[in-house]
Amino acid sequence: MRLTVGQALVRFLAAQWSERDGEERRFFPGCFGIFGHGNVAGIGQALLEYGEEMPYYMARNEQAMVHTASGFARMNDRLSTFACTTSIGPGATNMVTGAALATVNRLPVLLLPGDVFATRPANPVLQELEDARSYDVSVNDCFKPVSKYWDRINRPEQLPSALMAAMRVLTGPAETGAVTLALPQDVQAEAYDWPDELFARRVWR
């Protein structure tokens, strides 16, 4: 099935379920987000297209939406949570405190910040805030010490293994916390032929 990385990501998240004591529920009942350069043309388009499967809820503050997702996860015994997406730069770094709170309290939240161009056609672009010492570093590296799992998707082929690792951590009853998948803005919009089984309904017990 040919989809963009953003579309594949949203379709995968919509197919994840959790189960305890015979009761199943959607693991991601929706996605909070604030759009800007870095996520509007990838994840934003996908959320618009798959709104029935993965409802989008507009947020006004990045830190608050992560705290809201954490509170939702706590109230639901860690059996479901929200994804949170932001633009590049300050929009992403505003989520760092929320990520720290989630990880310290072992509350599952999925963070999807936009990231710098993987192909590096231009540097800098608006508020990317690259590290001048290395173009392999962006502000999303701030999430590494406050995330239970962190990855940057520089190629579409990397997405399936990263998603499975993310779900393993998010659904872990003992060692869960914030999971960050940094998504370069050009990769989000890149099309790829995905195996159908990536979008099969999965129940995490």
# chains A, B, ... in the order shown; residues from 1 in each chain; ligands from 1
call {"tool": "select_by_dssp", "arguments": {"residues": "segment 31-171 of chain A", "states": "helix (DSSP H, G or I)", "output": "number ranges by chain"}}
result
A: 40-49, 62-75, 90-93, 96-104, 139-146, 156-170
call {"tool": "write_last_selection", "arguments": {"atoms": "C-alpha atoms", "output": "PDB file, in the first residue's frame"}}
result
ATOM      1  CA  VAL A  40       1.391  20.488   8.767  1.00  0.00           C
ATOM      2  CA  ALA A  41       2.159  18.964   5.350  1.00  0.00           C
ATOM      3  CA  GLY A  42       2.830  15.467   6.692  1.00  0.00           C
ATOM      4  CA  ILE A  43       1.040  14.484   9.884  1.00  0.00           C
ATOM      5  CA  GLY A  44      -1.425  17.353   9.447  1.00  0.00           C
ATOM      6  CA  GLN A  45      -2.609  16.089   6.088  1.00  0.00           C
ATOM      7  CA  ALA A  46      -2.841  12.524   7.395  1.00  0.00           C
ATOM      8  CA  LEU A  47      -4.933  13.550  10.411  1.00  0.00           C
ATOM      9  CA  LEU A  48      -7.273  15.426   8.085  1.00  0.00           C
ATOM     10  CA  GLU A  49      -7.658  12.391   5.834  1.00  0.00           C
ATOM     11  CA  GLU A  62       2.343  22.303  23.688  1.00  0.00           C
ATOM     12  CA  GLN A  63       3.291  21.621  27.291  1.00  0.00           C
ATOM     13  CA  ALA A  64      -0.343  21.547  28.369  1.00  0.00           C
ATOM     14  CA  MET A  65      -1.304  18.997  25.722  1.00  0.00           C
ATOM     15  CA  VAL A  66       1.391  16.597  26.953  1.00  0.00           C
ATOM     16  CA  HIS A  67       0.210  17.065  30.548  1.00  0.00           C
ATOM     17  CA  THR A  68      -3.340  16.404  29.353  1.00  0.00           C
ATOM     18  CA  ALA A  69      -2.255  13.197  27.621  1.00  0.00           C
ATOM     19  CA  SER A  70      -0.448  12.123  30.798  1.00  0.00           C
ATOM     20  CA  GLY A  71      -3.510  12.823  32.921  1.00  0.00           C
ATOM     21  CA  PHE A  72      -5.675  10.869  30.499  1.00  0.00           C
ATOM     22  CA  ALA A  73      -3.267   7.935  30.655  1.00  0.00           C
ATOM     23  CA  ARG A  74      -3.300   7.981  34.461  1.00  0.00           C
ATOM     24  CA  MET A  75      -7.103   8.070  34.602  1.00  0.00           C
ATOM     25  CA  PRO A  90      10.212  26.092  20.107  1.00  0.00           C
ATOM     26  CA  GLY A  91       6.968  24.250  19.417  1.00  0.00           C
ATOM     27  CA  ALA A  92       8.821  20.999  20.023  1.00  0.00           C
ATOM     28  CA  THR A  93      10.881  22.133  23.011  1.00  0.00           C
ATOM     29  CA  VAL A  96      10.130  18.702  27.101  1.00  0.00           C
ATOM     30  CA  THR A  97       8.767  19.398  30.599  1.00  0.00           C
ATOM     31  CA  GLY A  98       5.652  17.351  29.876  1.00  0.00           C
ATOM     32  CA  ALA A  99       7.826  14.500  28.617  1.00  0.00           C
ATOM     33  CA  ALA A 100       9.877  14.579  31.809  1.00  0.00           C
ATOM     34  CA  LEU A 101       6.767  14.434  33.972  1.00  0.00           C
ATOM     35  CA  ALA A 102       5.384  11.492  31.994  1.00  0.00           C
ATOM     36  CA  THR A 103       8.619   9.531  32.178  1.00  0.00           C
ATOM     37  CA  VAL A 104       9.223  10.167  35.892  1.00  0.00           C
ATOM     38  CA  VAL A 139      16.471  20.627  19.370  1.00  0.00           C
ATOM     39  CA  ASN A 140      14.609  17.308  19.359  1.00  0.00           C
ATOM     40  CA  ASP A 141      17.722  15.743  20.848  1.00  0.00           C
ATOM     41  CA  CYS A 142      16.589  17.501  24.056  1.00  0.00           C
ATOM     42  CA  PHE A 143      14.012  14.736  24.401  1.00  0.00           C
ATOM     43  CA  LYS A 144      16.584  11.942  24.718  1.00  0.00           C
ATOM     44  CA  PRO A 145      17.151  12.172  28.491  1.00  0.00           C
ATOM     45  CA  VAL A 146      13.426  12.548  29.261  1.00  0.00           C
ATOM     46  CA  PRO A 156      10.600   5.649   5.446  1.00  0.00           C
ATOM     47  CA  GLU A 157      12.076   2.167   5.862  1.00  0.00           C
ATOM     48  CA  GLN A 158      12.883   2.994   9.483  1.00  0.00           C
ATOM     49  CA  LEU A 159       9.273   3.655  10.457  1.00  0.00           C
ATOM     50  CA  PRO A 160       7.905   0.101  11.054  1.00  0.00           C
ATOM     51  CA  SER A 161      10.624  -0.980  13.496  1.00  0.00           C
ATOM     52  CA  ALA A 162      10.447   2.364  15.307  1.00  0.00           C
ATOM     53  CA  LEU A 163       6.665   2.088  15.668  1.00  0.00           C
ATOM     54  CA  MET A 164       6.871  -1.418  17.104  1.00  0.00           C
ATOM     55  CA  ALA A 165       9.579  -0.350  19.559  1.00  0.00           C
ATOM     56  CA  ALA A 166       7.487   2.665  20.553  1.00  0.00           C
ATOM     57  CA  MET A 167       4.438   0.500  21.238  1.00  0.00           C
ATOM     58  CA  ARG A 168       6.508  -1.995  23.228  1.00  0.00           C
ATOM     59  CA  VAL A 169       7.561   0.830  25.563  1.00  0.00           C
ATOM     60  CA  LEU A 170       4.197   2.599  25.676  1.00  0.00           C
TER      61      LEU A 170
END
call {"tool": "select_by_dssp", "arguments": {"residues": "chain A", "states": "strand (DSSP E or B)", "output": "PyMOL selection string"}}
result
chain A and resi 2-4+16-20+23-26+31-33+56-58+83-86+109-115+131+134+149-152+178-184+191-193+202-204
call {"tool": "residues_around", "arguments": {"residues": "Thr176 of chain A", "least_positions_apart": "4", "cutoff": "7 Å", "atoms": "only C-alpha atoms", "output": "PDB file with N, CA, C and O atoms, in the first residue's frame"}}
result
ATOM      1  N   ARG A 106       6.038   7.344  34.937  1.00  0.00           N
ATOM      2  CA  ARG A 106       5.745   6.138  34.146  1.00  0.00           C
ATOM      3  C   ARG A 106       4.342   6.197  33.533  1.00  0.00           C
ATOM      4  O   ARG A 106       3.532   5.276  33.676  1.00  0.00           O
ATOM      5  N   LEU A 107       4.111   7.295  32.840  1.00  0.00           N
ATOM      6  CA  LEU A 107       2.841   7.481  32.145  1.00  0.00           C
ATOM      7  C   LEU A 107       3.104   7.502  30.643  1.00  0.00           C
ATOM      8  O   LEU A 107       3.944   8.262  30.170  1.00  0.00           O
ATOM      9  N   PRO A 108       2.409   6.666  29.864  1.00  0.00           N
ATOM     10  CA  PRO A 108       2.681   6.606  28.424  1.00  0.00           C
ATOM     11  C   PRO A 108       2.120   7.808  27.673  1.00  0.00           C
ATOM     12  O   PRO A 108       0.941   8.118  27.758  1.00  0.00           O
ATOM     13  N   LYS A 148      11.611   7.488  27.420  1.00  0.00           N
ATOM     14  CA  LYS A 148      11.928   6.070  27.595  1.00  0.00           C
ATOM     15  C   LYS A 148      12.379   5.452  26.280  1.00  0.00           C
ATOM     16  O   LYS A 148      13.100   4.467  26.264  1.00  0.00           O
ATOM     17  N   VAL A 169       7.302   0.007  24.384  1.00  0.00           N
ATOM     18  CA  VAL A 169       7.561   0.830  25.563  1.00  0.00           C
ATOM     19  C   VAL A 169       6.265   1.430  26.107  1.00  0.00           C
ATOM     20  O   VAL A 169       6.015   1.421  27.309  1.00  0.00           O
ATOM     21  N   LEU A 170       5.427   1.949  25.226  1.00  0.00           N
ATOM     22  CA  LEU A 170       4.197   2.599  25.676  1.00  0.00           C
ATOM     23  C   LEU A 170       3.270   1.639  26.410  1.00  0.00           C
ATOM     24  O   LEU A 170       2.555   2.044  27.333  1.00  0.00           O
ATOM     25  N   THR A 171       3.255   0.390  26.007  1.00  0.00           N
ATOM     26  CA  THR A 171       2.356  -0.587  26.634  1.00  0.00           C
ATOM     27  C   THR A 171       3.041  -1.401  27.721  1.00  0.00           C
ATOM     28  O   THR A 171       2.419  -2.289  28.307  1.00  0.00           O
ATOM     29  N   GLY A 172       4.318  -1.123  28.007  1.00  0.00           N
ATOM     30  CA  GLY A 172       5.009  -1.847  29.070  1.00  0.00           C
ATOM     31  C   GLY A 172       4.455  -1.459  30.429  1.00  0.00           C
ATOM     32  O   GLY A 172       4.440  -0.276  30.780  1.00  0.00           O
TER      33      GLY A 172
END
call {"tool": "atom_distance", "arguments": {"atom1": "atom CA of Met54 of chain A", "atom2": "atom CA of Val5 of chain A"}}
result
15.4 Å
call {"tool": "atom_distance", "arguments": {"atom1": "atom CA of Val179 of chain A", "atom2": "atom CA of Leu111 of chain A"}}
result
6.0 Å
call {"tool": "closest_residue", "arguments": {"among": "A:Leu110, A:Leu183, A:Met1, A:Leu198", "to": "Phe82 of chain A", "atoms": "only C-alpha atoms"}}
result
A:Leu110
call {"tool": "atom_distance", "arguments": {"atom1": "atom CA of Trp17 of chain A", "atom2": "atom CA of Pro29 of chain A"}}
result
9.6 Å
call {"tool": "residues_around", "arguments": {"residues": "Glu53 of chain A", "least_positions_apart": "3", "cutoff": "9 Å", "atoms": "only C-alpha atoms", "output": "PDB file with N, CA and C atoms, in the first residue's frame"}}
result
ATOM      1  N   VAL A  10      -0.212   7.581  10.997  1.00  0.00           N
ATOM      2  CA  VAL A  10      -1.551   7.777  11.549  1.00  0.00           C
ATOM      3  C   VAL A  10      -2.386   6.503  11.424  1.00  0.00           C
ATOM      4  N   ARG A  11      -2.298   5.834  10.293  1.00  0.00           N
ATOM      5  CA  ARG A  11      -3.050   4.587  10.119  1.00  0.00           C
ATOM      6  C   ARG A  11      -2.590   3.521  11.096  1.00  0.00           C
ATOM      7  N   ALA A  14      -3.947   4.327  14.608  1.00  0.00           N
ATOM      8  CA  ALA A  14      -5.390   4.087  14.702  1.00  0.00           C
ATOM      9  C   ALA A  14      -5.724   2.614  14.872  1.00  0.00           C
ATOM     10  N   ALA A  15      -4.784   1.727  14.535  1.00  0.00           N
ATOM     11  CA  ALA A  15      -5.052   0.282  14.591  1.00  0.00           C
ATOM     12  C   ALA A  15      -4.545  -0.369  15.874  1.00  0.00           C
ATOM     13  N   PRO A  29      -7.008   7.170  21.383  1.00  0.00           N
ATOM     14  CA  PRO A  29      -8.320   7.669  20.970  1.00  0.00           C
ATOM     15  C   PRO A  29      -8.258   8.962  20.176  1.00  0.00           C
ATOM     16  N   GLY A  30      -7.065   9.552  20.045  1.00  0.00           N
ATOM     17  CA  GLY A  30      -6.945  10.785  19.282  1.00  0.00           C
ATOM     18  C   GLY A  30      -5.548  11.358  19.360  1.00  0.00           C
ATOM     19  N   LEU A  47      -3.867  13.438   9.414  1.00  0.00           N
ATOM     20  CA  LEU A  47      -4.933  13.550  10.411  1.00  0.00           C
ATOM     21  C   LEU A  47      -6.222  14.073   9.789  1.00  0.00           C
ATOM     22  N   TYR A  50      -7.650  10.965   7.807  1.00  0.00           N
ATOM     23  CA  TYR A  50      -8.075   9.813   8.609  1.00  0.00           C
ATOM     24  C   TYR A  50      -8.703  10.249   9.929  1.00  0.00           C
TER      25      TYR A  50
END
call {"tool": "residues_around", "arguments": {"residues": "segment 191-194 of chain A", "least_positions_apart": "4", "cutoff": "6 Å", "atoms": "only C-alpha atoms", "output": "PDB file with N, CA, C and O atoms, in the first residue's frame"}}
result
ATOM      1  N   MET A   1       0.843  -1.179   0.000  1.00  0.00           N
ATOM      2  CA  MET A   1       0.000   0.000   0.000  1.00  0.00           C
ATOM      3  C   MET A   1       0.891   1.247   0.000  1.00  0.00           C
ATOM      4  O   MET A   1       1.771   1.377   0.851  1.00  0.00           O
ATOM      5  N   ARG A   2       0.684   2.121  -0.960  1.00  0.00           N
ATOM      6  CA  ARG A   2       1.540   3.303  -1.084  1.00  0.00           C
ATOM      7  C   ARG A   2       0.928   4.480  -0.333  1.00  0.00           C
ATOM      8  O   ARG A   2      -0.160   4.959  -0.671  1.00  0.00           O
ATOM      9  N   LEU A   3       1.641   4.932   0.683  1.00  0.00           N
ATOM     10  CA  LEU A   3       1.213   6.048   1.516  1.00  0.00           C
ATOM     11  C   LEU A   3       2.443   6.871   1.878  1.00  0.00           C
ATOM     12  O   LEU A   3       3.575   6.385   1.807  1.00  0.00           O
ATOM     13  N   THR A   4       2.203   8.096   2.297  1.00  0.00           N
ATOM     14  CA  THR A   4       3.300   8.875   2.847  1.00  0.00           C
ATOM     15  C   THR A   4       3.631   8.355   4.242  1.00  0.00           C
ATOM     16  O   THR A   4       2.858   7.605   4.858  1.00  0.00           O
TER      17      THR A   4
END
